[in-house]
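Q: What follows is a single structure, and I will ask about it in a moment.
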Number of protein chains: 2
Amino acid sequence: MQELNTQNTLREKIATFLREAIVKGELRPCQRIQEIEIAERYQTSRTPVREALRQLEAEGFLMIRARRGAIVSPITEKDITEFYEIRGLLESFAAEKAMSLITPEEIEYMRQLNGKIKESFSKADVQGILRTHNEFHEVIVHACGNERLINLIKNLATQHQRFRIVLSHTHSVLDSIKEHDEIIAALRAKDSRRLIEAVRTNSENGCRALIEKIRAINGQKAISIN
Amino acid sequence: MQELNTQNTLREKIATFLREAIVKGELRPCQRIQEIEIAERYQTSRTPVREALRQLEAEGFLMIRARRGAIVSPITEKDITEFYEIRGLLESFAAEKAMSLITPEEIEYMRQLNGKIKESFSKADVQGILRTHNEFHEVIVHACGNERLINLIKNLATQHQRFRIVLSHTHSVLDSIKEHDEIIAALRAKDSRRLIEAVRTNSENGCRALIEKIRAINGQKAISIN
DNA sequence: TTTGCTTCTACTTTATACCAAATAAAAGAA
DNA sequence: TTCTTTTATTTGGTATAAAGTAGAAGCAAA
(Lines give C-alpha, C1' and ligand atoms only; values in the text may rest on other atoms or scores of the structure.)
Protein backbone atom coordinates (compact mmCIF):
# COMPACT_ATOMS: atom_id res chain seq x y z
CA MET A 1 0.00 0.00 0.00
CA GLN A 2 0.97 3.61 0.54
CA GLU A 3 1.51 4.56 -3.07
CA LEU A 4 1.64 8.14 -1.80
CA ASN A 5 5.15 9.31 -2.15
CA THR A 6 4.85 12.19 0.25
CA GLN A 7 6.11 13.06 3.68
CA ASN A 8 8.84 10.43 3.84
CA THR A 9 11.91 12.57 3.37
CA LEU A 10 13.07 15.44 5.53
CA ARG A 11 12.89 17.71 2.50
CA GLU A 12 9.17 17.03 2.16
CA LYS A 13 8.49 17.53 5.84
CA ILE A 14 10.39 20.80 5.96
CA ALA A 15 8.74 22.03 2.76
CA THR A 16 5.31 21.25 4.20
CA PHE A 17 6.07 23.01 7.49
CA LEU A 18 7.42 26.09 5.77
CA ARG A 19 4.62 26.22 3.20
CA GLU A 20 2.05 26.15 5.96
CA ALA A 21 3.90 28.80 7.92
CA ILE A 22 3.97 31.04 4.86
CA VAL A 23 0.31 30.44 4.02
CA LYS A 24 -0.71 31.12 7.60
CA GLY A 25 1.29 34.33 7.55
CA GLU A 26 3.57 33.26 10.38
CA LEU A 27 6.36 34.00 7.93
CA ARG A 28 5.57 37.45 6.57
CA PRO A 29 6.06 38.67 2.98
CA CYS A 30 9.64 39.79 2.33
CA GLN A 31 10.82 38.12 5.53
CA ARG A 32 14.26 36.64 5.16
CA ILE A 33 14.60 32.87 5.48
CA GLN A 34 17.99 31.59 6.61
CA GLU A 35 19.05 28.01 6.03
CA ILE A 36 20.79 27.60 9.38
CA GLU A 37 17.86 28.96 11.32
CA ILE A 38 15.42 26.49 9.75
CA ALA A 39 17.92 23.65 10.08
CA GLU A 40 18.31 24.32 13.79
CA ARG A 41 14.59 24.64 14.35
CA TYR A 42 13.96 21.22 12.81
CA GLN A 43 17.17 19.64 14.12
CA THR A 44 18.55 18.72 10.71
CA SER A 45 21.47 19.62 8.51
CA ARG A 46 21.22 22.37 5.91
CA THR A 47 20.96 20.18 2.80
CA PRO A 48 17.33 19.09 3.14
CA VAL A 49 16.45 22.66 4.09
CA ARG A 50 18.05 23.94 0.91
CA GLU A 51 16.11 21.48 -1.19
CA ALA A 52 12.89 22.45 0.53
CA LEU A 53 13.62 26.13 -0.13
CA ARG A 54 14.17 25.43 -3.83
CA GLN A 55 10.93 23.52 -4.00
CA LEU A 56 9.00 26.37 -2.42
CA GLU A 57 10.66 28.76 -4.84
CA ALA A 58 9.32 26.67 -7.73
CA GLU A 59 5.87 26.76 -6.16
CA GLY A 60 6.03 30.54 -5.92
CA PHE A 61 6.18 30.95 -2.15
CA LEU A 62 9.80 32.06 -1.96
CA MET A 63 12.19 34.13 -4.01
CA ILE A 64 15.82 33.05 -4.01
CA ARG A 65 18.72 35.10 -5.32
CA ALA A 66 22.04 33.36 -5.85
CA ARG A 67 24.36 33.68 -2.86
CA ARG A 68 21.97 36.09 -1.20
CA GLY A 69 19.40 33.79 0.22
CA ALA A 70 15.64 33.46 0.25
CA ILE A 71 12.80 35.78 1.16
CA VAL A 72 9.10 35.05 1.41
CA SER A 73 7.47 36.22 -1.81
CA PRO A 74 6.06 39.72 -1.49
CA ILE A 75 2.39 40.34 -2.22
CA THR A 76 1.93 43.27 -4.57
CA GLU A 77 -1.18 44.61 -6.21
CA LYS A 78 0.22 43.41 -9.51
CA ASP A 79 0.66 39.90 -8.13
CA ILE A 80 -2.96 39.76 -7.09
CA THR A 81 -4.26 41.14 -10.38
CA GLU A 82 -2.17 38.75 -12.45
CA PHE A 83 -2.96 35.89 -10.17
CA TYR A 84 -6.73 36.27 -10.33
CA GLU A 85 -6.68 36.67 -14.07
CA ILE A 86 -5.02 33.30 -14.46
CA ARG A 87 -7.00 31.56 -11.78
CA GLY A 88 -10.32 32.84 -13.07
CA LEU A 89 -9.46 31.68 -16.55
CA LEU A 90 -8.30 28.22 -15.49
CA GLU A 91 -11.09 27.64 -13.05
CA SER A 92 -13.86 28.69 -15.42
CA PHE A 93 -12.36 26.42 -18.04
CA ALA A 94 -12.16 23.55 -15.57
CA ALA A 95 -15.76 24.19 -14.56
CA GLU A 96 -16.92 24.09 -18.16
CA LYS A 97 -15.16 20.78 -18.70
CA ALA A 98 -16.49 19.48 -15.40
CA MET A 99 -20.07 20.22 -16.38
CA SER A 100 -20.37 17.20 -18.64
CA LEU A 101 -18.53 14.92 -16.21
CA ILE A 102 -19.86 15.93 -12.82
CA THR A 103 -22.44 13.62 -11.17
CA PRO A 104 -25.71 14.76 -9.56
CA GLU A 105 -24.31 13.44 -6.27
CA GLU A 106 -21.30 15.73 -6.54
CA ILE A 107 -23.54 18.71 -7.28
CA GLU A 108 -25.62 17.81 -4.26
CA TYR A 109 -22.44 17.62 -2.19
CA MET A 110 -21.50 21.11 -3.36
CA ARG A 111 -24.91 22.33 -2.22
CA GLN A 112 -24.26 20.81 1.21
CA LEU A 113 -20.81 22.40 1.41
CA ASN A 114 -22.29 25.79 0.62
CA GLY A 115 -24.71 25.23 3.49
CA LYS A 116 -21.79 24.39 5.74
CA ILE A 117 -20.09 27.66 4.81
CA LYS A 118 -23.22 29.54 5.89
CA GLU A 119 -23.21 27.60 9.14
CA SER A 120 -19.54 28.32 9.84
CA PHE A 121 -20.23 31.97 9.08
CA SER A 122 -22.99 32.16 11.67
CA LYS A 123 -20.58 30.67 14.20
CA ALA A 124 -17.85 33.12 13.10
CA ASP A 125 -15.62 30.09 12.44
CA VAL A 126 -13.12 31.60 10.00
CA GLN A 127 -11.02 28.43 9.71
CA GLY A 128 -14.15 26.46 8.87
CA ILE A 129 -15.23 28.97 6.24
CA LEU A 130 -11.88 28.86 4.48
CA ARG A 131 -11.61 25.07 4.61
CA THR A 132 -15.12 24.44 3.33
CA HIS A 133 -14.81 27.17 0.73
CA ASN A 134 -11.72 25.49 -0.64
CA GLU A 135 -13.40 22.10 -0.70
CA PHE A 136 -16.31 23.57 -2.66
CA HIS A 137 -13.97 24.78 -5.38
CA GLU A 138 -11.98 21.55 -5.34
CA VAL A 139 -15.05 19.47 -6.15
CA ILE A 140 -15.65 21.31 -9.42
CA VAL A 141 -12.01 21.37 -10.41
CA HIS A 142 -11.49 17.67 -9.70
CA ALA A 143 -14.42 16.81 -11.91
CA CYS A 144 -12.74 18.36 -14.96
CA GLY A 145 -10.67 15.27 -15.71
CA ASN A 146 -7.50 17.10 -16.74
CA GLU A 147 -4.93 16.11 -14.13
CA ARG A 148 -2.33 18.61 -15.20
CA LEU A 149 -4.92 21.36 -14.92
CA ILE A 150 -6.00 20.10 -11.50
CA ASN A 151 -2.44 20.31 -10.20
CA LEU A 152 -1.94 23.77 -11.64
CA ILE A 153 -5.09 25.09 -10.00
CA LYS A 154 -4.24 23.32 -6.74
CA ASN A 155 -1.02 25.28 -6.46
CA LEU A 156 -2.77 28.52 -7.35
CA ALA A 157 -5.41 27.79 -4.71
CA THR A 158 -2.75 27.39 -2.03
CA GLN A 159 -1.24 30.73 -2.98
CA HIS A 160 -4.70 32.24 -3.02
CA GLN A 161 -5.24 30.96 0.50
CA ARG A 162 -2.08 32.77 1.49
CA PHE A 163 -3.25 36.07 0.02
CA ARG A 164 -6.48 35.84 1.94
CA ILE A 165 -4.90 34.92 5.25
CA VAL A 166 -1.95 37.31 5.07
CA LEU A 167 -4.26 40.16 4.14
CA SER A 168 -6.67 38.68 6.73
CA HIS A 169 -9.56 38.81 4.38
CA THR A 170 -12.43 36.55 3.40
CA HIS A 171 -14.34 38.46 0.79
CA SER A 172 -17.86 39.09 1.95
CA VAL A 173 -18.98 35.59 2.84
CA LEU A 174 -22.68 36.13 2.15
CA ASP A 175 -21.97 37.40 -1.37
CA SER A 176 -19.69 34.43 -1.92
CA ILE A 177 -22.42 32.01 -0.87
CA LYS A 178 -24.84 33.58 -3.33
CA GLU A 179 -22.24 33.28 -6.08
CA HIS A 180 -21.78 29.63 -5.21
CA ASP A 181 -25.54 29.11 -5.47
CA GLU A 182 -25.42 30.56 -8.95
CA ILE A 183 -22.58 28.16 -9.88
CA ILE A 184 -24.62 25.21 -8.62
CA ALA A 185 -27.69 26.38 -10.52
CA ALA A 186 -25.69 26.73 -13.73
CA LEU A 187 -24.28 23.21 -13.28
CA ARG A 188 -27.79 21.81 -12.76
CA ALA A 189 -29.09 23.63 -15.80
CA LYS A 190 -26.08 22.45 -17.81
CA ASP A 191 -25.78 26.02 -19.01
CA SER A 192 -22.20 26.48 -20.10
CA ARG A 193 -22.25 30.23 -20.61
CA ARG A 194 -23.98 30.85 -17.34
CA LEU A 195 -21.46 28.67 -15.51
CA ILE A 196 -18.41 30.38 -16.97
CA GLU A 197 -19.95 33.74 -16.17
CA ALA A 198 -20.68 32.67 -12.59
CA VAL A 199 -17.17 31.36 -11.94
CA ARG A 200 -15.63 34.47 -13.48
CA THR A 201 -17.81 36.76 -11.39
CA ASN A 202 -16.91 34.87 -8.24
CA SER A 203 -13.24 35.19 -9.07
CA GLU A 204 -13.42 38.85 -10.02
CA ASN A 205 -15.27 39.83 -6.88
CA GLY A 206 -12.68 38.03 -4.81
CA CYS A 207 -9.96 39.91 -6.64
CA ARG A 208 -11.60 43.31 -6.23
CA ALA A 209 -12.03 42.77 -2.51
CA LEU A 210 -8.38 41.78 -2.04
CA ILE A 211 -7.13 44.73 -4.09
CA GLU A 212 -9.11 47.13 -1.92
CA LYS A 213 -7.65 45.47 1.14
CA ILE A 214 -4.05 45.71 -0.02
CA ARG A 215 -4.51 49.36 -0.98
CA ALA A 216 -5.85 50.07 2.47
CA ILE A 217 -2.89 48.34 4.09
CA ASN A 218 -0.34 50.03 1.85
CA GLY A 219 -2.05 53.33 2.47
CA GLN A 220 -1.74 52.97 6.23
CA LYS A 221 1.84 51.89 6.43
CA ALA A 222 4.08 50.98 3.55
CA ILE A 223 5.86 48.31 5.54
CA SER A 224 5.84 44.52 5.42
CA ILE A 225 3.54 43.98 2.46
CA ASN A 226 4.88 44.96 -0.97
CA MET B 1 24.11 45.57 -14.57
CA GLN B 2 23.36 41.90 -14.99
CA GLU B 3 20.19 41.79 -12.98
CA LEU B 4 19.70 38.38 -14.53
CA ASN B 5 20.20 35.87 -11.83
CA THR B 6 20.85 32.98 -14.16
CA GLN B 7 23.78 30.81 -15.07
CA ASN B 8 25.98 31.76 -12.14
CA THR B 9 25.66 28.63 -10.07
CA LEU B 10 26.51 25.09 -11.01
CA ARG B 11 22.93 24.11 -10.29
CA GLU B 12 21.70 26.49 -13.00
CA LYS B 13 24.27 25.32 -15.52
CA ILE B 14 23.51 21.66 -14.95
CA ALA B 15 19.76 22.30 -15.06
CA THR B 16 20.17 24.12 -18.37
CA PHE B 17 22.32 21.36 -19.87
CA LEU B 18 19.93 18.63 -18.78
CA ARG B 19 16.84 20.55 -19.85
CA GLU B 20 18.30 21.01 -23.31
CA ALA B 21 19.29 17.36 -23.50
CA ILE B 22 15.76 16.33 -22.57
CA VAL B 23 14.16 18.76 -25.01
CA LYS B 24 16.46 17.63 -27.79
CA GLY B 25 15.58 14.03 -27.04
CA GLU B 26 19.16 13.05 -26.20
CA LEU B 27 17.72 11.85 -22.93
CA ARG B 28 14.76 9.70 -23.91
CA PRO B 29 11.40 9.49 -22.10
CA CYS B 30 11.54 7.07 -19.15
CA GLN B 31 15.31 7.01 -19.26
CA ARG B 32 16.81 6.76 -15.81
CA ILE B 33 18.93 9.68 -14.62
CA GLN B 34 21.55 8.90 -11.99
CA GLU B 35 23.08 11.62 -9.87
CA ILE B 36 26.58 10.19 -9.96
CA GLU B 37 26.58 9.79 -13.72
CA ILE B 38 25.63 13.44 -14.29
CA ALA B 39 28.08 14.58 -11.62
CA GLU B 40 30.92 12.75 -13.33
CA ARG B 41 29.96 14.06 -16.76
CA TYR B 42 30.12 17.67 -15.56
CA GLN B 43 32.98 17.12 -13.12
CA THR B 44 31.09 18.25 -10.05
CA SER B 45 29.87 16.79 -6.81
CA ARG B 46 26.36 15.38 -6.52
CA THR B 47 24.76 18.18 -4.52
CA PRO B 48 24.30 20.71 -7.36
CA VAL B 49 23.14 17.84 -9.57
CA ARG B 50 20.42 16.95 -7.10
CA GLU B 51 19.22 20.53 -6.90
CA ALA B 52 19.11 20.68 -10.68
CA LEU B 53 17.10 17.45 -10.79
CA ARG B 54 14.56 18.83 -8.32
CA GLN B 55 14.23 21.99 -10.38
CA LEU B 56 13.58 20.01 -13.54
CA GLU B 57 11.02 17.94 -11.66
CA ALA B 58 9.17 21.13 -10.75
CA GLU B 59 9.30 22.19 -14.40
CA GLY B 60 7.79 18.88 -15.45
CA PHE B 61 10.77 17.38 -17.29
CA LEU B 62 11.60 14.72 -14.72
CA MET B 63 9.72 12.48 -12.34
CA ILE B 64 11.43 11.71 -9.02
CA ARG B 65 10.33 9.05 -6.58
CA ALA B 66 11.76 9.17 -3.08
CA ARG B 67 14.86 7.01 -2.71
CA ARG B 68 14.32 5.56 -6.16
CA GLY B 69 15.73 8.24 -8.34
CA ALA B 70 14.70 10.23 -11.36
CA ILE B 71 13.45 9.33 -14.82
CA VAL B 72 12.78 11.57 -17.79
CA SER B 73 9.03 12.26 -17.91
CA PRO B 74 7.22 9.89 -20.24
CA ILE B 75 5.12 11.30 -23.07
CA THR B 76 1.67 9.75 -23.16
CA GLU B 77 -1.30 10.56 -25.31
CA LYS B 78 -3.02 11.87 -22.19
CA ASP B 79 -0.09 14.21 -21.49
CA ILE B 80 -0.36 15.70 -24.93
CA THR B 81 -4.12 16.12 -24.81
CA GLU B 82 -4.06 17.74 -21.38
CA PHE B 83 -1.10 19.85 -22.32
CA TYR B 84 -2.64 21.33 -25.44
CA GLU B 85 -5.89 22.05 -23.69
CA ILE B 86 -4.09 24.21 -21.17
CA ARG B 87 -1.72 25.80 -23.60
CA GLY B 88 -4.47 26.66 -26.09
CA LEU B 89 -6.48 28.25 -23.33
CA LEU B 90 -3.62 30.27 -21.88
CA GLU B 91 -2.24 31.36 -25.22
CA SER B 92 -5.57 32.46 -26.64
CA PHE B 93 -6.18 34.41 -23.45
CA ALA B 94 -2.75 36.00 -23.66
CA ALA B 95 -3.37 36.87 -27.30
CA GLU B 96 -6.67 38.52 -26.47
CA LYS B 97 -5.00 40.63 -23.80
CA ALA B 98 -2.10 41.38 -26.12
CA MET B 99 -4.41 42.74 -28.81
CA SER B 100 -4.97 46.05 -27.06
CA LEU B 101 -1.30 46.38 -26.06
CA ILE B 102 0.60 45.20 -29.11
CA THR B 103 2.19 47.83 -31.36
CA PRO B 104 1.93 47.96 -35.17
CA GLU B 105 5.71 47.44 -35.25
CA GLU B 106 5.38 44.20 -33.32
CA ILE B 107 2.66 42.98 -35.66
CA GLU B 108 4.89 43.82 -38.60
CA TYR B 109 7.71 41.90 -36.92
CA MET B 110 5.44 38.88 -36.59
CA ARG B 111 4.71 39.12 -40.32
CA GLN B 112 8.44 39.08 -41.01
CA LEU B 113 8.96 36.10 -38.74
CA ASN B 114 6.26 34.19 -40.56
CA GLY B 115 8.10 34.97 -43.80
CA LYS B 116 11.29 33.65 -42.25
CA ILE B 117 9.53 30.40 -41.37
CA LYS B 118 8.53 30.00 -44.99
CA GLU B 119 12.11 30.66 -46.03
CA SER B 120 13.54 28.13 -43.57
CA PHE B 121 10.99 25.64 -44.82
CA SER B 122 12.12 26.04 -48.42
CA LYS B 123 15.69 25.41 -47.24
CA ALA B 124 14.54 22.40 -45.20
CA ASP B 125 16.11 24.07 -42.15
CA VAL B 126 14.21 22.34 -39.35
CA GLN B 127 16.15 24.07 -36.57
CA GLY B 128 15.36 27.44 -38.13
CA ILE B 129 11.67 26.61 -38.47
CA LEU B 130 11.38 25.64 -34.82
CA ARG B 131 13.34 28.63 -33.56
CA THR B 132 11.44 31.17 -35.63
CA HIS B 133 8.12 29.50 -34.89
CA ASN B 134 8.78 29.84 -31.17
CA GLU B 135 9.79 33.47 -31.55
CA PHE B 136 6.54 34.19 -33.39
CA HIS B 137 4.50 32.87 -30.50
CA GLU B 138 6.67 34.62 -27.95
CA VAL B 139 5.98 38.02 -29.48
CA ILE B 140 2.25 37.71 -28.88
CA VAL B 141 2.59 36.25 -25.42
CA HIS B 142 5.05 38.88 -24.28
CA ALA B 143 2.68 41.62 -25.36
CA CYS B 144 -0.02 40.43 -22.94
CA GLY B 145 1.51 42.25 -19.97
CA ASN B 146 0.82 39.55 -17.37
CA GLU B 147 4.28 38.41 -16.26
CA ARG B 148 3.07 35.42 -14.32
CA LEU B 149 1.16 34.26 -17.38
CA ILE B 150 4.21 34.83 -19.59
CA ASN B 151 6.33 32.60 -17.36
CA LEU B 152 3.69 29.89 -17.26
CA ILE B 153 3.40 29.80 -21.02
CA LYS B 154 7.17 29.93 -21.42
CA ASN B 155 7.54 26.72 -19.47
CA LEU B 156 4.73 25.09 -21.42
CA ALA B 157 6.38 26.17 -24.66
CA THR B 158 9.63 24.47 -23.68
CA GLN B 159 7.76 21.26 -22.94
CA HIS B 160 5.92 21.63 -26.20
CA GLN B 161 9.24 21.93 -27.99
CA ARG B 162 10.24 18.65 -26.39
CA PHE B 163 7.10 16.87 -27.58
CA ARG B 164 7.74 18.01 -31.12
CA ILE B 165 11.41 17.08 -31.18
CA VAL B 166 11.10 13.76 -29.35
CA LEU B 167 8.25 12.73 -31.62
CA SER B 168 10.28 14.29 -34.45
CA HIS B 169 7.36 16.24 -35.70
CA THR B 170 6.70 19.77 -36.98
CA HIS B 171 3.04 19.82 -37.84
CA SER B 172 2.56 20.62 -41.47
CA VAL B 173 4.57 23.82 -41.81
CA LEU B 174 2.55 25.31 -44.64
CA ASP B 175 -0.70 24.93 -42.70
CA SER B 176 0.97 26.49 -39.71
CA ILE B 177 2.08 29.49 -41.76
CA LYS B 178 -1.48 30.04 -43.00
CA GLU B 179 -2.75 29.86 -39.43
CA HIS B 180 -0.17 32.44 -38.41
CA ASP B 181 -1.36 34.71 -41.23
CA GLU B 182 -4.86 34.46 -39.84
CA ILE B 183 -3.59 35.39 -36.36
CA ILE B 184 -1.83 38.44 -37.80
CA ALA B 185 -4.93 39.46 -39.74
CA ALA B 186 -7.08 39.17 -36.61
CA LEU B 187 -4.62 41.32 -34.65
CA ARG B 188 -4.65 43.99 -37.40
CA ALA B 189 -8.45 43.95 -37.51
CA LYS B 190 -8.56 44.12 -33.70
CA ASP B 191 -11.12 41.34 -33.91
CA SER B 192 -11.09 39.60 -30.55
CA ARG B 193 -13.28 36.62 -31.44
CA ARG B 194 -11.44 35.95 -34.64
CA LEU B 195 -8.10 36.09 -32.83
CA ILE B 196 -9.11 33.64 -30.10
CA GLU B 197 -10.52 31.33 -32.74
CA ALA B 198 -7.31 31.53 -34.77
CA VAL B 199 -5.03 30.79 -31.83
CA ARG B 200 -7.24 27.92 -30.70
CA THR B 201 -7.31 26.43 -34.19
CA ASN B 202 -3.54 26.67 -34.44
CA SER B 203 -3.18 24.92 -31.11
CA GLU B 204 -5.74 22.22 -31.87
CA ASN B 205 -4.21 21.37 -35.20
CA GLY B 206 -0.82 21.04 -33.55
CA CYS B 207 -2.34 18.73 -30.97
CA ARG B 208 -4.12 16.55 -33.52
CA ALA B 209 -0.94 16.11 -35.52
CA LEU B 210 1.07 15.10 -32.46
CA ILE B 211 -1.58 12.65 -31.28
CA GLU B 212 -1.56 10.94 -34.66
CA LYS B 213 2.20 10.76 -34.47
CA ILE B 214 2.31 9.23 -31.03
CA ARG B 215 -0.33 6.68 -31.99
CA ALA B 216 1.71 5.70 -35.01
CA ILE B 217 4.83 5.28 -32.86
CA ASN B 218 3.03 3.32 -30.15
CA GLY B 219 1.39 1.19 -32.82
CA GLN B 220 4.71 0.23 -34.37
CA LYS B 221 6.57 -0.63 -31.21
CA ALA B 222 5.39 -0.10 -27.68
CA ILE B 223 8.85 0.74 -26.46
CA SER B 224 10.56 3.93 -25.33
CA ILE B 225 7.65 6.38 -25.52
CA ASN B 226 4.79 6.00 -23.05
C1' DT C 1 12.09 -28.47 -12.31
C1' DT C 2 9.53 -24.57 -11.27
C1' DT C 3 7.43 -21.19 -8.37
C1' DG C 4 7.26 -18.36 -4.38
C1' DC C 5 9.25 -16.60 -0.34
C1' DT C 6 13.10 -15.02 2.61
C1' DT C 7 17.72 -13.37 3.36
C1' DC C 8 21.58 -11.05 2.04
C1' DT C 9 24.44 -8.06 -0.80
C1' DA C 10 25.26 -4.14 -3.70
C1' DC C 11 23.94 0.13 -5.18
C1' DT C 12 21.63 4.64 -5.01
C1' DT C 13 19.60 8.16 -2.73
C1' DT C 14 19.27 10.94 1.53
C1' DA C 15 21.51 13.35 5.18
C1' DT C 16 25.68 15.18 7.71
C1' DA C 17 29.82 17.71 8.34
C1' DC C 18 33.03 20.51 6.54
C1' DC C 19 35.42 23.75 3.24
C1' DA C 20 35.40 27.60 -0.29
C1' DA C 21 33.60 31.67 -2.26
C1' DA C 22 30.77 35.63 -2.24
C1' DT C 23 28.11 39.14 -0.13
C1' DA C 24 26.96 42.20 3.63
C1' DA C 25 28.45 44.68 7.58
C1' DA C 26 31.88 47.07 10.24
C1' DA C 27 36.01 49.57 10.83
C1' DG C 28 39.42 52.69 9.27
C1' DA C 29 41.40 56.33 6.03
C1' DA C 30 40.80 60.36 3.00
C1' DT D 1 30.62 62.18 5.16
C1' DT D 2 32.30 59.05 1.60
C1' DC D 3 35.19 55.66 -0.04
C1' DT D 4 38.22 51.76 0.76
C1' DT D 5 39.67 47.81 3.36
C1' DT D 6 38.89 44.31 6.52
C1' DT D 7 35.97 41.13 9.04
C1' DA D 8 32.01 38.27 9.62
C1' DT D 9 28.22 35.93 8.09
C1' DT D 10 25.84 33.15 4.76
C1' DT D 11 25.30 30.65 0.72
C1' DG D 12 27.32 27.30 -2.69
C1' DG D 13 29.99 23.11 -3.26
C1' DT D 14 32.70 18.77 -1.73
C1' DA D 15 33.38 14.58 0.61
C1' DT D 16 31.55 11.06 3.25
C1' DA D 17 28.49 8.39 6.23
C1' DA D 18 23.74 6.48 6.93
C1' DA D 19 19.51 4.54 5.27
C1' DG D 20 16.52 2.54 2.01
C1' DT D 21 15.58 -0.05 -2.30
C1' DA D 22 16.28 -3.39 -5.89
C1' DG D 23 18.19 -7.41 -7.35
C1' DA D 24 20.68 -11.90 -6.47
C1' DA D 25 21.15 -15.99 -4.06
C1' DG D 26 19.44 -19.54 -1.39
C1' DC D 27 15.85 -22.37 0.48
C1' DA D 28 11.15 -24.50 0.86
C1' DA D 29 6.99 -26.10 -1.14
C1' DA D 30 4.32 -27.61 -5.09
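Each chain in the C-alpha coordinates gets a letter, A, B, ..., in the order shown, and its residues are numbered from 1; ligands are numbered from 1 in order too.
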Enumerate, as number ranges by chain, the complete set of residues in segment 5-221 of chain A that a backbone-based DSSP assignment places in helix (DSSP H, G or I).

A: A: 10-24, 35-41, 46-59, 77-99, 104-122, 126-142, 147-166, 173-189, 192-220

Q: Name the residues in contact with Lys116 of chain B at a cut-off of 9 Å, using only C-alpha atoms (C1' of nucleotides), excluding same-chain residues fewer than 3 positions from it; report them as a PyMOL selection string.

A: chain B and resi 111-113+119-121+128-129+132

Q: Could you work out how far atom CA of Ala39 of chain A lies from atom CA of Ala70 of chain A, giving the answer in Å with one decimal?

A: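 Rounded to one decimal, the two atoms are 14.1 Å apart.
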
Q: Can you build me a table of chain C residues sitting at most 9 Å from chain B, with the closest atom pair per residue and its distance in Å to one decimal, using only C-alpha atoms (C1' of nucleotides), sorted by chain and residue number, as a Markdown table?

A:
| residue | atom | partner | partner_atom | distance |
| --- | --- | --- | --- | --- |
| C:DT12 | C1' | B:Arg68 | CA | 7.5 |
| C:DT13 | C1' | B:Arg67 | CA | 4.9 |
| C:DT14 | C1' | B:Arg67 | CA | 7.3 |

Q: For chain B, report every residue with an atom at most 9 Å from chain D (counting only C-alpha atoms (C1' of nucleotides)), formatted as a PyMOL selection string.

A: chain B and resi 9-10+44-48+67-68

Q: Residues of chain A near chain B: apply a cut-off of 9 Å, count only C-alpha atoms, and supply the list as JSON, numbers by chain.

A: {"A": [5, 6, 8, 9, 47, 50, 51, 54, 55, 58, 59, 65, 66, 67, 78, 79, 81, 82, 83, 85, 86, 89, 90, 93, 146, 147, 148, 149]}

Q: Mind giving me the straight-line distance from atom CA of Leu174 of chain A to atom CA of Leu195 of chain A in Å, one decimal?

A: 19.2 Å

Q: Report, in Å with one decimal, the straight-line distance from atom CA of Arg87 of chain A to atom CA of Phe61 of chain A.

A: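 Answer for the atom CA of Arg87 of chain A to atom CA of Phe61 of chain A separation: 16.3 Å.
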